[in-house]
file upload-v4.txt (compact mmCIF, C-alpha atoms)
# COMPACT_ATOMS: atom_id res chain seq x y z
CA MET U 175 79.59 91.94 116.02
CA SER U 176 76.21 90.19 116.28
CA TRP U 177 74.26 88.89 113.30
CA ASN U 178 71.54 91.57 113.59
CA GLU U 179 74.13 94.19 112.63
CA SER U 180 75.14 92.39 109.44
CA MET U 181 71.90 90.74 108.35
CA LEU U 182 71.49 90.35 104.59
CA ASP U 183 68.33 90.56 102.47
CA ALA U 184 67.11 86.99 101.97
CA SER U 185 66.52 86.00 98.36
CA PHE U 186 66.23 83.00 96.06
CA ARG U 187 67.21 83.32 92.40
CA GLY U 188 67.25 87.08 92.87
CA ILE U 189 63.73 87.36 94.34
CA THR U 190 63.94 88.96 97.78
CA PHE U 191 61.63 88.20 100.68
CA ASP U 192 61.32 88.97 104.38
CA VAL U 193 62.25 86.22 106.83
CA ILE U 194 60.70 85.67 110.27
CA ASN U 195 62.94 82.80 111.31
CA THR U 196 65.34 80.17 110.01
CA ARG U 197 66.06 76.64 111.17
CA ASP U 198 69.21 75.20 109.68
CA THR U 199 70.12 71.58 110.38
CA PHE U 200 72.58 69.00 109.20
CA ALA U 201 73.41 65.41 110.07
CA ARG U 202 76.26 63.03 109.43
CA ASP U 203 75.91 59.67 107.77
CA VAL U 204 77.52 56.79 109.65
CA ALA U 205 77.96 53.05 109.32
CA GLN U 206 77.58 51.02 112.53
CA TYR U 207 79.28 47.69 113.07
CA GLU U 208 77.96 45.65 116.00
CA TYR U 209 79.16 42.25 117.21
CA PRO U 210 77.48 39.42 119.17
CA PHE U 211 78.12 39.46 122.91
CA VAL U 212 80.13 42.74 122.63
CA ASP U 213 78.88 45.93 124.22
CA GLY U 214 78.78 48.96 121.95
CA GLY U 215 80.08 48.91 118.40
CA ASP U 216 82.32 50.56 115.85
CA VAL U 217 81.03 53.66 114.07
CA GLU U 218 82.46 54.85 110.77
CA ASP U 219 81.88 58.43 109.67
CA LEU U 220 80.73 58.41 106.02
CA GLY U 221 80.48 62.16 105.65
CA ARG U 222 77.94 64.89 106.14
CA LYS U 223 74.52 64.60 104.59
CA PRO U 224 73.12 67.55 102.57
CA ARG U 225 72.19 70.44 104.84
CA ASN U 226 68.52 71.15 105.34
CA LEU U 227 67.48 74.81 105.60
CA ARG U 228 63.99 75.83 106.70
CA MET U 229 62.79 79.41 106.44
CA THR U 230 59.58 81.18 107.28
CA ALA U 231 59.10 83.93 104.71
CA LEU U 232 56.64 86.80 105.06
CA PHE U 233 54.80 88.74 102.34
CA TRP U 234 52.65 91.66 103.37
CA GLY U 235 51.30 95.00 102.15
CA ASP U 236 48.86 96.17 99.50
CA ASP U 237 50.93 94.63 96.71
CA TYR U 238 51.80 91.40 98.48
CA GLU U 239 49.77 89.26 96.03
CA SER U 240 51.81 90.31 92.98
CA ARG U 241 55.10 89.84 94.82
CA LEU U 242 53.97 86.46 96.15
CA GLN U 243 52.90 85.35 92.68
CA ALA U 244 56.28 86.31 91.18
CA PHE U 245 58.04 84.46 93.98
CA LEU U 246 55.97 81.29 93.53
CA VAL U 247 56.60 81.32 89.77
CA GLU U 248 60.33 81.40 90.47
CA LEU U 249 60.05 78.61 93.02
CA ASP U 250 58.19 76.44 90.51
CA LYS U 251 61.08 76.45 88.07
CA LYS U 252 63.12 73.28 87.81
CA GLY U 253 66.62 73.01 89.25
CA SER U 254 68.68 74.60 91.96
CA GLY U 255 69.50 78.26 92.44
CA GLU U 256 71.39 80.70 94.63
CA LEU U 257 69.93 81.25 98.07
CA ILE U 258 70.98 84.30 100.08
CA HIS U 259 70.67 83.34 103.72
CA PRO U 260 70.05 86.40 105.95
CA VAL U 261 72.80 85.31 108.37
CA PHE U 262 75.10 82.95 106.50
CA GLY U 263 75.20 84.71 103.13
CA SER U 264 75.37 83.22 99.63
CA MET U 265 74.70 79.52 99.09
CA PRO U 266 75.11 78.99 95.34
CA LYS U 267 73.35 75.65 94.74
CA MET U 268 70.26 75.09 96.87
CA GLN U 269 67.24 73.02 95.81
CA LEU U 270 63.73 73.84 96.99
CA ILE U 271 62.00 70.65 98.14
CA GLU U 272 58.93 71.98 99.92
CA CYS U 273 56.81 75.14 99.98
CA GLN U 274 53.71 75.85 102.08
CA VAL U 275 51.70 79.08 101.75
CA SER U 276 49.48 80.04 104.72
CA HIS U 277 46.76 82.73 104.90
CA GLU U 278 44.73 83.61 107.98
CA ALA U 279 41.41 85.41 108.07
CA GLU U 280 42.53 87.83 110.75
CA ASN U 281 45.62 88.95 108.82
CA VAL U 282 44.59 90.92 105.75
CA ASP U 283 47.17 91.52 103.00
CA TYR U 284 49.49 89.11 104.73
CA CYS U 285 50.73 85.57 104.18
CA VAL U 286 53.40 83.24 105.52
CA VAL U 287 55.43 80.94 103.26
CA GLU U 288 57.24 77.97 104.76
CA LEU U 289 60.28 77.00 102.66
CA VAL U 290 62.55 73.97 102.86
CA PHE U 291 65.84 73.94 100.93
CA ILE U 292 68.46 71.23 100.62
CA GLU U 293 72.00 71.35 99.28
CA ALA U 294 72.15 70.35 95.62
CA ALA U 295 75.93 69.93 95.38
CA THR U 296 78.92 68.93 97.47
CA ASN U 297 81.01 71.41 99.44
CA VAL U 298 78.42 74.20 99.44
CA PRO U 299 79.73 76.85 101.89
CA PHE U 300 77.52 77.22 104.96
CA PHE U 301 78.98 80.46 106.23
CA GLY U 302 79.72 82.23 102.94
CA GLN U 303 79.77 85.72 104.44
CA GLU U 304 83.26 86.77 105.49
CA TYR U 305 83.62 89.47 108.12
CA PRO U 306 86.17 92.28 107.85
CA THR U 307 87.99 91.32 111.05
CA ALA U 308 88.65 87.77 109.82
CA GLN U 309 89.73 89.01 106.39
CA ALA U 310 92.10 91.54 107.98
CA ASP U 311 93.69 88.80 110.08
CA ALA U 312 94.25 86.77 106.90
CA ILE U 313 96.09 89.73 105.34
CA PHE U 314 98.41 89.95 108.37
CA ASN U 315 99.31 86.28 107.92
CA LYS U 316 99.90 86.66 104.19
CA VAL U 317 102.19 89.66 104.75
CA GLN U 318 104.38 87.59 107.06
CA SER U 319 104.46 84.80 104.49
CA ALA U 320 105.55 87.28 101.79
CA LEU U 321 108.35 88.59 104.03
CA ASP U 322 109.59 85.05 104.66
CA LYS U 323 109.68 84.31 100.93
CA GLU U 324 111.44 87.62 100.22
CA GLN U 325 114.11 86.75 102.78
CA THR U 326 114.71 83.43 101.01
CA LEU U 327 115.00 85.29 97.71
CA LEU U 328 117.49 87.80 99.13
CA ASP U 329 119.63 85.06 100.67
CA ASN U 330 119.99 83.57 97.20
CA ALA U 331 120.42 86.89 95.38
CA LEU U 332 123.09 88.25 97.75
CA ALA U 333 125.07 85.02 98.18
CA PRO U 334 127.45 85.70 95.24
CA LEU U 335 128.29 89.17 96.61
CA ARG U 336 129.81 87.67 99.74
CA THR U 337 132.54 85.76 97.92
CA SER U 338 132.99 87.16 94.41
CA GLN U 339 135.74 89.77 93.95
CA ARG U 340 134.31 90.97 90.64
CA LEU U 341 131.11 92.01 92.45
CA MET U 342 132.96 94.04 95.08
CA ALA U 343 131.80 97.39 93.68
CA LYS U 344 128.17 96.29 93.79
CA ALA U 345 128.57 94.95 97.34
CA LYS U 346 130.10 98.25 98.48
CA ALA U 347 127.27 100.24 96.86
CA LEU U 348 124.62 98.12 98.56
CA ALA U 349 126.41 98.22 101.92
CA ALA U 350 126.91 102.00 101.84
CA THR U 351 123.34 102.76 100.73
CA SER U 352 121.76 100.45 103.31
CA LEU U 353 124.00 101.86 106.07
CA ASN U 354 122.99 105.42 105.17
CA MET U 355 119.33 104.41 105.24
CA ILE U 356 119.67 103.03 108.76
CA THR U 357 121.53 106.19 109.82
CA ILE U 358 118.73 108.38 108.45
CA PHE U 359 116.10 106.27 110.19
CA ARG U 360 117.91 106.67 113.51
CA SER U 361 117.94 110.45 113.21
CA ASP U 362 114.51 110.99 111.64
CA ILE U 363 112.26 108.37 113.25
CA THR U 364 111.55 108.61 116.97
CA GLY U 365 111.88 105.28 118.72
CA PHE U 366 113.73 103.50 115.90
CA VAL U 367 116.39 101.04 117.07
CA SER U 368 118.38 98.92 114.60
CA SER U 369 119.82 95.46 115.14
CA THR U 370 122.23 95.44 112.17
CA THR U 371 123.77 97.60 109.46
CA ASP U 372 125.03 94.67 107.37
CA PHE U 373 122.54 94.18 104.55
CA ILE U 374 124.78 91.82 102.57
CA ASN U 375 125.40 89.19 105.25
CA TYR U 376 122.26 89.58 107.36
CA PRO U 377 119.39 90.48 105.00
CA GLY U 378 116.78 89.04 107.38
CA ALA U 379 117.86 91.28 110.25
CA TYR U 380 118.00 94.26 107.91
CA MET U 381 114.45 93.50 106.70
CA ALA U 382 113.26 93.49 110.32
CA ASP U 383 114.85 96.92 110.86
CA LEU U 384 113.30 98.26 107.67
CA GLN U 385 109.90 96.91 108.70
CA SER U 386 110.26 98.62 112.07
CA ALA U 387 111.13 101.92 110.39
CA LEU U 388 108.16 101.68 108.02
CA SER U 389 105.80 100.74 110.84
CA LEU U 390 106.92 103.70 112.96
CA THR U 391 106.66 106.02 109.94
CA SER U 392 103.11 104.85 109.32
CA SER U 393 102.01 105.06 112.96
CA ASN U 394 103.45 108.56 113.34
CA SER U 395 101.11 109.80 110.60
CA ALA U 396 97.99 108.36 112.28
CA SER U 397 96.02 110.64 114.57
CA SER U 398 94.26 109.67 117.77
CA VAL U 399 90.88 109.85 116.02
CA ARG U 400 90.83 106.10 115.30
CA ASN U 401 90.98 105.36 119.02
CA ASN U 402 88.30 107.91 119.89
CA VAL U 403 85.83 107.58 117.04
CA GLY U 404 82.80 108.06 119.26
CA THR U 405 83.88 111.51 120.43
CA TYR U 406 83.80 113.06 116.95
CA ALA U 407 81.06 113.74 114.45
CA SER U 408 81.02 111.15 111.66
CA PRO U 409 82.00 113.49 108.76
CA GLN U 410 84.87 114.87 110.85
CA VAL U 411 86.13 111.34 111.53
CA ALA U 412 86.02 110.42 107.85
CA ASN U 413 87.91 113.54 106.76
CA ILE U 414 90.64 113.06 109.37
CA ILE U 415 91.03 109.34 108.65
CA VAL U 416 91.39 109.94 104.92
CA ALA U 417 93.89 112.74 105.57
CA ASP U 418 95.87 110.41 107.85
CA TRP U 419 95.82 107.72 105.19
CA ASN U 420 97.10 110.08 102.50
CA GLU U 421 99.84 111.36 104.79
CA GLY U 422 100.95 107.86 105.76
CA ARG U 423 100.96 106.70 102.13
CA ASN U 424 103.09 109.67 101.07
CA GLN U 425 105.59 109.15 103.87
CA LEU U 426 105.92 105.44 103.05
CA ALA U 427 106.45 106.34 99.39
CA THR U 428 109.27 108.70 100.45
CA VAL U 429 110.99 105.84 102.28
CA ALA U 430 110.58 103.59 99.21
CA GLU U 431 112.34 106.19 97.06
CA LEU U 432 115.17 106.70 99.56
CA PRO U 433 117.72 104.17 98.11
CA ALA U 434 117.53 105.68 94.63
CA ALA U 435 117.65 109.21 96.06
CA LEU U 436 120.83 108.40 98.00
CA ALA U 437 122.48 106.76 95.00
CA SER U 438 121.68 109.66 92.66
CA GLY U 439 122.71 112.33 95.16
CA GLU U 440 119.18 113.77 95.34
CA ARG U 441 119.26 113.04 99.07
CA THR U 442 122.42 114.02 100.94
CA ALA U 443 124.00 110.93 102.50
CA PRO U 444 125.10 111.37 106.14
CA LEU U 445 127.94 108.86 105.57
CA PRO U 446 130.39 108.56 102.64
CA MET U 447 129.06 106.87 99.51
CA PRO U 448 131.04 105.34 96.59
CA ILE U 449 131.85 107.91 93.92
CA ILE U 450 130.09 106.03 91.13
CA ILE U 451 126.88 104.09 91.78
CA THR U 452 124.69 102.77 89.00
CA GLU U 453 121.02 101.92 89.31
CA GLY U 454 121.85 98.24 88.92
CA ASP U 455 124.27 98.32 91.84
CA ILE U 456 121.49 98.84 94.39
CA ALA U 457 118.63 97.14 92.51
CA GLU U 458 118.06 94.48 95.19
CA LEU U 459 117.76 97.13 97.91
CA VAL U 460 115.38 99.23 95.81
CA VAL U 461 113.13 96.25 95.12
CA LEU U 462 113.18 95.18 98.77
CA THR U 463 112.23 98.67 99.97
CA TYR U 464 109.32 98.92 97.54
CA LEU U 465 108.14 95.48 98.61
CA GLN U 466 108.18 96.27 102.32
CA MET U 467 106.59 99.66 101.73
CA SER U 468 103.69 97.97 99.87
CA LEU U 469 103.32 95.35 102.60
CA GLN U 470 103.19 98.02 105.31
CA LEU U 471 100.50 99.83 103.32
CA ALA U 472 98.58 96.53 103.13
CA LEU U 473 98.87 96.15 106.90
CA ASP U 474 97.63 99.71 107.37
CA ALA U 475 94.70 99.05 105.04
CA ALA U 476 93.80 95.84 106.89
CA ASP U 477 94.01 97.65 110.22
CA LEU U 478 91.85 100.50 108.96
CA LEU U 479 89.21 98.51 107.10
CA GLY U 480 89.14 95.69 109.64
CA ASP U 481 88.08 98.06 112.44
CA GLU U 482 84.29 98.24 112.27
CA SER U 483 84.08 101.41 114.35
CA VAL U 484 86.39 103.14 111.87
CA ASN U 485 85.21 101.80 108.51
CA ALA U 486 81.62 102.66 109.47
CA ALA U 487 82.62 106.33 109.21
CA LEU U 488 84.01 105.92 105.68
CA SER U 489 82.04 106.32 102.48
CA PRO U 490 82.33 103.78 99.65
CA ALA U 491 84.59 106.24 97.82
CA ASP U 492 86.90 106.43 100.85
CA ILE U 493 87.08 102.64 101.06
CA GLU U 494 87.86 102.43 97.35
CA LEU U 495 90.65 104.97 97.82
CA VAL U 496 92.32 102.85 100.50
CA ALA U 497 91.99 99.66 98.45
CA ASN U 498 93.21 101.24 95.20
CA ASP U 499 96.24 102.88 96.82
CA THR U 500 97.24 99.57 98.41
CA ARG U 501 96.76 97.56 95.23
CA GLN U 502 98.79 100.09 93.23
CA ALA U 503 101.68 99.89 95.71
CA LEU U 504 101.61 96.08 95.55
CA GLN U 505 101.53 96.22 91.74
CA ASN U 506 104.61 98.48 91.76
CA ALA U 507 106.43 95.94 93.94
CA ILE U 508 105.42 93.13 91.57
CA ASP U 509 106.64 95.09 88.53
CA LYS U 510 110.01 95.79 90.14
CA HIS U 511 110.49 92.13 91.04
CA ARG U 512 109.75 91.13 87.47
CA GLU U 513 112.12 93.72 86.02
CA LEU U 514 114.98 92.57 88.23
CA TYR U 515 114.51 88.83 88.48
CA GLU U 516 112.51 87.66 85.46
CA ALA U 517 115.62 87.09 83.33
CA THR U 518 117.03 84.72 85.97
CA THR U 519 114.22 82.28 85.29
CA GLN U 520 115.47 81.73 81.75
CA ALA U 521 118.94 80.79 83.03
CA VAL U 522 117.86 78.87 86.11
CA SER U 523 119.51 75.61 84.97
CA ALA U 524 122.90 77.30 84.58
CA SER U 525 122.68 79.42 87.74
CA THR U 526 124.50 78.59 90.97
CA THR U 527 121.64 80.04 93.05
CA ASP U 528 117.88 79.52 93.22
CA VAL U 529 116.97 83.14 92.42
CA GLY U 530 115.18 82.06 89.24
CA ILE U 531 112.64 80.00 91.17
CA THR U 532 112.42 81.88 94.49
CA TRP U 533 111.25 85.26 93.19
CA GLN U 534 107.98 83.94 91.73
CA PRO U 535 106.52 82.82 95.10
CA VAL U 536 107.04 86.39 96.33
CA VAL U 537 105.04 87.76 93.41
CA ASN U 538 102.30 85.20 93.99
CA GLU U 539 102.02 86.26 97.63
CA LEU U 540 101.74 89.91 96.59
CA LYS U 541 98.94 88.99 94.19
CA GLU U 542 97.12 87.15 96.97
CA ILE U 543 97.46 90.12 99.31
CA ALA U 544 96.16 92.52 96.64
CA LEU U 545 93.16 90.25 96.09
CA SER U 546 92.53 90.00 99.84
CA VAL U 547 92.55 93.80 100.20
CA GLN U 548 90.09 94.09 97.33
CA GLN U 549 87.82 91.44 98.84
CA LEU U 550 87.99 93.13 102.24
CA ALA U 551 86.92 96.46 100.73
CA ALA U 552 84.17 94.78 98.70
CA ALA U 553 82.88 92.94 101.78
CA ILE U 554 82.45 96.24 103.61
CA ILE U 555 80.78 98.01 100.69
CA THR U 556 78.42 95.18 99.72
CA THR U 557 77.05 94.75 103.24
CA ARG U 558 75.69 98.27 103.03
CA PRO U 559 72.55 99.19 101.08
CA PRO U 560 73.07 100.09 97.40
CA LEU U 561 74.36 103.60 96.80
CA ILE U 562 72.09 105.61 94.51
CA GLN U 563 71.56 109.22 93.46
CA ARG U 564 68.44 110.99 94.66
CA LYS U 565 67.07 114.34 93.54
CA VAL U 566 66.21 117.14 95.95
CA GLU U 567 62.63 118.13 95.11
CA SER U 568 62.41 121.43 97.03
CA VAL U 569 64.48 123.84 99.09
CA SER U 570 65.66 121.75 102.00
CA ASN U 571 68.46 120.77 104.36
CA LEU U 572 70.11 117.45 105.13
CA HIS U 573 68.25 116.84 108.39
CA LEU U 574 64.91 117.33 106.64
CA LEU U 575 65.97 115.08 103.75
CA ALA U 576 67.13 112.36 106.13
CA HIS U 577 63.73 112.45 107.84
CA LEU U 578 61.92 112.47 104.48
CA TRP U 579 63.93 109.64 102.91
CA TYR U 580 64.57 107.41 105.93
CA GLY U 581 62.31 108.60 108.71
CA ASP U 582 65.42 109.32 110.78
CA TYR U 583 66.86 112.85 110.87
CA ALA U 584 70.04 111.55 112.56
CA ARG U 585 71.12 110.01 109.25
CA ALA U 586 71.94 113.53 108.06
CA VAL U 587 75.56 112.86 109.09
CA GLU U 588 75.51 109.89 106.72
CA LEU U 589 74.43 112.14 103.86
CA VAL U 590 77.20 114.58 104.71
CA ARG U 591 79.75 111.75 104.53
CA LEU U 592 78.42 110.51 101.18
CA ASN U 593 78.34 114.01 99.67
CA PRO U 594 81.56 115.85 100.53
CA GLN U 595 80.89 118.25 97.64
CA ILE U 596 78.09 119.97 99.59
CA ARG U 597 79.15 123.45 100.68
CA ASN U 598 76.09 124.43 102.69
CA PRO U 599 74.00 121.50 104.01
CA ASN U 600 71.27 123.93 105.08
CA ALA U 601 70.63 125.43 101.65
CA LEU U 602 69.93 122.59 99.25
CA GLN U 603 68.16 123.59 96.07
CA PRO U 604 65.58 121.80 93.88
CA GLY U 605 67.33 119.62 91.30
CA ASP U 606 70.44 118.97 93.41
CA MET U 607 71.58 115.35 93.06
CA LEU U 608 72.85 113.67 96.22
CA TYR U 609 74.36 110.28 96.86
CA ALA U 610 72.33 108.29 99.37
CA TYR U 611 71.80 104.71 100.45
CA ALA U 612 68.74 103.06 98.90
CA ARG U 613 67.29 102.39 102.34
call {"tool": "encode", "arguments": {"input": "upload-v4.txt", "output": "C-alpha cells"}}
result
Amino acid sequence: MSWNESMLDASFRGITFDVINTRDTFARDVAQYEYPFVDGGDVEDLGRKPRNLRMTALFWGDDYESRLQAFLVELDKKGSGELIHPVFGSMPKMQLIECQVSHEAENVDYCVVELVFIEAATNVPFFGQEYPTAQADAIFNKVQSALDKEQTLLDNALAPLRTSQRLMAKAKALAATSLNMITIFRSDITGFVSSTTDFINYPGAYMADLQSALSLTSSNSASSVRNNVGTYASPQVANIIVADWNEGRNQLATVAELPAALASGERTAPLPMPIIITEGDIAELVVLTYLQMSLQLALDAADLLGDESVNAALSPADIELVANDTRQALQNAIDKHRELYEATTQAVSASTTDVGITWQPVVNELKEIALSVQQLAAAIITTRPPLIQRKVESVSNLHLLAHLWYGDYARAVELVRLNPQIRNPNALQPGDMLYAYAR
C-alpha cells in the first residue's frame, strides 16, 4: 500500500490544513577523536538530534483569511502540541520554531505557509501510524506465544496425574474425553490427521492436533469470496464475509463446548466413557479448548482485518462485530483460566508444581491479543473519514445521492454497505436518515 492511499489530514493542535509537500530530516550527534600523525579518527555516536520537520501548508478559498487567522493564533501559543503528519501520523510533542506566510498578487484568495517543527521531547515516534498488515502479523506472533505459555501451564497442571493413584479417576476422564474428541474430529473434519491421542503425557502434541482441527473448522466455513473480492459487488462481498464470519464463530464455539457435551452425555461419545464424570474431572481440557478456540478466532480476525482488499468492503459496524466477537471469546478464555487456576496462586509456596505462577502469563498474553485486535479494528476505522448521518432532502436514489454528496455516483455502493437497512435504494424519501462518510 502506498502513502497516497492512507494519507491523513494534517493538523496542529487540532487545526487542520492542506499540505503541498513535507521535508523531514534528522541527524545524529557524534564526538570525533583525532590523533597526530594518524589517518582518520574514532567517532562516537552520541544519539540522534531532534528531528526537523518542514511543511508547506496551503490555505485557499473565499474563507481562507478566517481559517488562516485561526491557524496563526494557534501557532502563536506557547509550548509544544500534537502534530498530525499526513504520512507518518501522530507526533505528540512537536514545537513550532518558524513560520513564513507568503501571498502572491497572481493568486487571489490563496496563501502558502512554510512551517518548521522540531521534536520537543525524547523518543517521539516518527512513524506513529500502524498499518493493518503489520498489526495482523503481530497478532500471529502473540498467538504462538500464548500457545507456548499454555503448554508450559499444562505440563505443570497434568504432571501429578501421571504418577498419583488418587487422581486415577480424573486422569481416565481426561484421557477418555480427549480421545473421543480426536475421534470425532477424524470423522467430521475433512483433512484432519492426528499425531497423538494421549492428552495426559503429550499435551503439546494434543494442542497441535486441536489447533489443526480448529483451523480446518474455521477454513471450511470461509467462502471463496475473500480470494475473489474484485469479481463481486461491494455490498455482496460484505454480506458474504459477515455471514462467513458468523458461521465460523459458531462452529468454533461448538468445538469449544464439545468436552462438556461429551462429559454430560449431551453429545454421544463414539468410544466408551467413564460412568461418572464430574465437571472438575475435565476442567483442564475445557479450559484448553476455550483458549485455543479464542486464539483461532483471533487469527481469523487478524487474517480478515489485515487484508486490505477485504476490510475495504466492510462497514465500521462489520469491523466492530469482528473485533467484539474476538474480544468476547478471549475474555471467556481468561475467565475460565481464573476460575480454574486462581486458587493455586494462594498455595504456590506449598505446591509441588509451578501452576500458581504459570497460568498468569497465559492470561496476560490473552489480554495483549485482545488489545491488539481492538487496535487493529480501530486503525482501520480511524483511517476512514468520520461516519455521520445525513438527511435525504427529496425523493432520490443512492446513485443520485452519491453524486450530490461526493461528486461521484460510483460511491453508491459505499452507501449501500453503510446502510444495510435500506430496502429499496431507488425509492428514498425526504427525511430518510442515512449513514455516510463525511467526505
call {"tool": "closest_residue", "arguments": {"input": "upload-v4.txt", "among": "U:Asn354, U:Asn593, U:Thr500, U:Asn598", "to": "Leu426 (chain U)", "atoms": "all atoms listed in the file"}}
result
U:Thr500
call {"tool": "atom_distance", "arguments": {"input": "upload-v4.txt", "atom1": "CA of Val286 (chain U)", "atom2": "CA of Asp192 (chain U)"}}
result
9.8 Å
call {"tool": "closest_residue", "arguments": {"input": "upload-v4.txt", "among": "U:Ala343, U:Leu469, U:Val411, U:Met268", "to": "Val590 (chain U)", "atoms": "all atoms listed in the file"}}
result
U:Val411
call {"tool": "residues_around", "arguments": {"input": "upload-v4.txt", "residues": "Asp311 (chain U)", "least_positions_apart": "6", "cutoff": "12 Å", "atoms": "all atoms listed in the file", "output": "list in words"}}
result
Glu304, Tyr305, Val317, Gln318, Ala472, Leu473, Asp474, Ala475, Ala476, Asp477, Leu478, Leu479, Gly480, Asp481, Ile543, Ser546, Val547 and Leu550 of chain U
call {"tool": "residues_around", "arguments": {"input": "upload-v4.txt", "residues": "Pro490 (chain U)", "least_positions_apart": "6", "cutoff": "9 Å", "atoms": "only C-alpha atoms", "output": "tab-separated table (two decimals) with C-alpha atoms, in the coordinates of the input"}}
result
chain	number	residue	atom	x	y	z
U	551	ALA	CA	86.92	96.46	100.73
U	554	ILE	CA	82.45	96.24	103.61
U	555	ILE	CA	80.78	98.01	100.69
U	561	LEU	CA	74.36	103.60	96.80
U	592	LEU	CA	78.42	110.51	101.18
call {"tool": "residues_around", "arguments": {"input": "upload-v4.txt", "residues": "Ser276 (chain U)", "least_positions_apart": "4", "cutoff": "10 Å", "atoms": "only C-alpha atoms", "output": "list in words"}}
result
Leu232, Tyr284, Cys285, Val286, Val287 and Glu288 of chain U
call {"tool": "closest_residue", "arguments": {"input": "upload-v4.txt", "among": "U:Ile414, U:Ala443, U:Leu471, U:Leu488", "to": "Ala350 (chain U)", "atoms": "all atoms listed in the file"}}
result
U:Ala443
call {"tool": "closest_residue", "arguments": {"input": "upload-v4.txt", "among": "U:Glu482, U:Glu280, U:Glu293, U:Glu272", "to": "Lys223 (chain U)", "atoms": "all atoms listed in the file"}}
result
U:Glu293
call {"tool": "residues_near_point", "arguments": {"input": "upload-v4.txt", "point": "(69.3, 120.8, 102.7)", "cutoff": "10 Å", "atoms": "all atoms listed in the file", "output": "list of chain:residue names"}}
result
U:Val566, U:Ser568, U:Val569, U:Ser570, U:Asn571, U:Leu572, U:His573, U:Leu574, U:Leu575, U:Ala576, U:Ala586, U:Ile596, U:Asn598, U:Pro599, U:Asn600, U:Ala601, U:Leu602, U:Gln603, U:Pro604, U:Asp606
call {"tool": "write_last_selection", "arguments": {"input": "upload-v4.txt", "atoms": "C-alpha atoms", "output": "PDB file, in the coordinates of the input"}}
result
ATOM      1  CA  VAL U 566      66.210 117.140  95.950  1.00  0.00           C
ATOM      2  CA  SER U 568      62.410 121.430  97.030  1.00  0.00           C
ATOM      3  CA  VAL U 569      64.480 123.840  99.090  1.00  0.00           C
ATOM      4  CA  SER U 570      65.660 121.750 102.000  1.00  0.00           C
ATOM      5  CA  ASN U 571      68.460 120.770 104.360  1.00  0.00           C
ATOM      6  CA  LEU U 572      70.110 117.450 105.130  1.00  0.00           C
ATOM      7  CA  HIS U 573      68.250 116.840 108.390  1.00  0.00           C
ATOM      8  CA  LEU U 574      64.910 117.330 106.640  1.00  0.00           C
ATOM      9  CA  LEU U 575      65.970 115.080 103.750  1.00  0.00           C
ATOM     10  CA  ALA U 576      67.130 112.360 106.130  1.00  0.00           C
ATOM     11  CA  ALA U 586      71.940 113.530 108.060  1.00  0.00           C
ATOM     12  CA  ILE U 596      78.090 119.970  99.590  1.00  0.00           C
ATOM     13  CA  ASN U 598      76.090 124.430 102.690  1.00  0.00           C
ATOM     14  CA  PRO U 599      74.000 121.500 104.010  1.00  0.00           C
ATOM     15  CA  ASN U 600      71.270 123.930 105.080  1.00  0.00           C
ATOM     16  CA  ALA U 601      70.630 125.430 101.650  1.00  0.00           C
ATOM     17  CA  LEU U 602      69.930 122.590  99.250  1.00  0.00           C
ATOM     18  CA  GLN U 603      68.160 123.590  96.070  1.00  0.00           C
ATOM     19  CA  PRO U 604      65.580 121.800  93.880  1.00  0.00           C
ATOM     20  CA  ASP U 606      70.440 118.970  93.410  1.00  0.00           C
TER      21      ASP U 606
END
call {"tool": "atom_distance", "arguments": {"input": "upload-v4.txt", "atom1": "CA of Ala347 (chain U)", "atom2": "CA of Gly422 (chain U)"}}
result
28.8 Å
call {"tool": "atom_distance", "arguments": {"input": "upload-v4.txt", "atom1": "CA of Glu516 (chain U)", "atom2": "CA of Leu321 (chain U)"}}
result
19.1 Å
call {"tool": "residues_near_point", "arguments": {"input": "upload-v4.txt", "point": "(96.0, 107.1, 98.1)", "cutoff": "8 Å", "atoms": "all atoms listed in the file", "output": "PDB file with C-alpha atoms, in the frame of the given file"}}
result
ATOM      1  CA  TRP U 419      95.820 107.720 105.190  1.00  0.00           C
ATOM      2  CA  ASN U 420      97.100 110.080 102.500  1.00  0.00           C
ATOM      3  CA  ARG U 423     100.960 106.700 102.130  1.00  0.00           C
ATOM      4  CA  LEU U 495      90.650 104.970  97.820  1.00  0.00           C
ATOM      5  CA  VAL U 496      92.320 102.850 100.500  1.00  0.00           C
ATOM      6  CA  ASN U 498      93.210 101.240  95.200  1.00  0.00           C
ATOM      7  CA  ASP U 499      96.240 102.880  96.820  1.00  0.00           C
ATOM      8  CA  THR U 500      97.240  99.570  98.410  1.00  0.00           C
TER       9      THR U 500
END
call {"tool": "residues_around", "arguments": {"input": "upload-v4.txt", "residues": "Ala507 (chain U)", "least_positions_apart": "3", "cutoff": "9 Å", "atoms": "all atoms listed in the file", "output": "PyMOL selection string"}}
result
chain U and resi 461-468+502-504+510-512+537+540
call {"tool": "closest_residue", "arguments": {"input": "upload-v4.txt", "among": "U:Ala308, U:Asp183, U:Leu436, U:Leu257", "to": "Gln549 (chain U)", "atoms": "only C-alpha atoms"}}
result
U:Ala308
call {"tool": "closest_residue", "arguments": {"input": "upload-v4.txt", "among": "U:Gln425, U:Gln534, U:Gln548, U:Thr557", "to": "Gln309 (chain U)", "atoms": "all atoms listed in the file"}}
result
U:Gln548
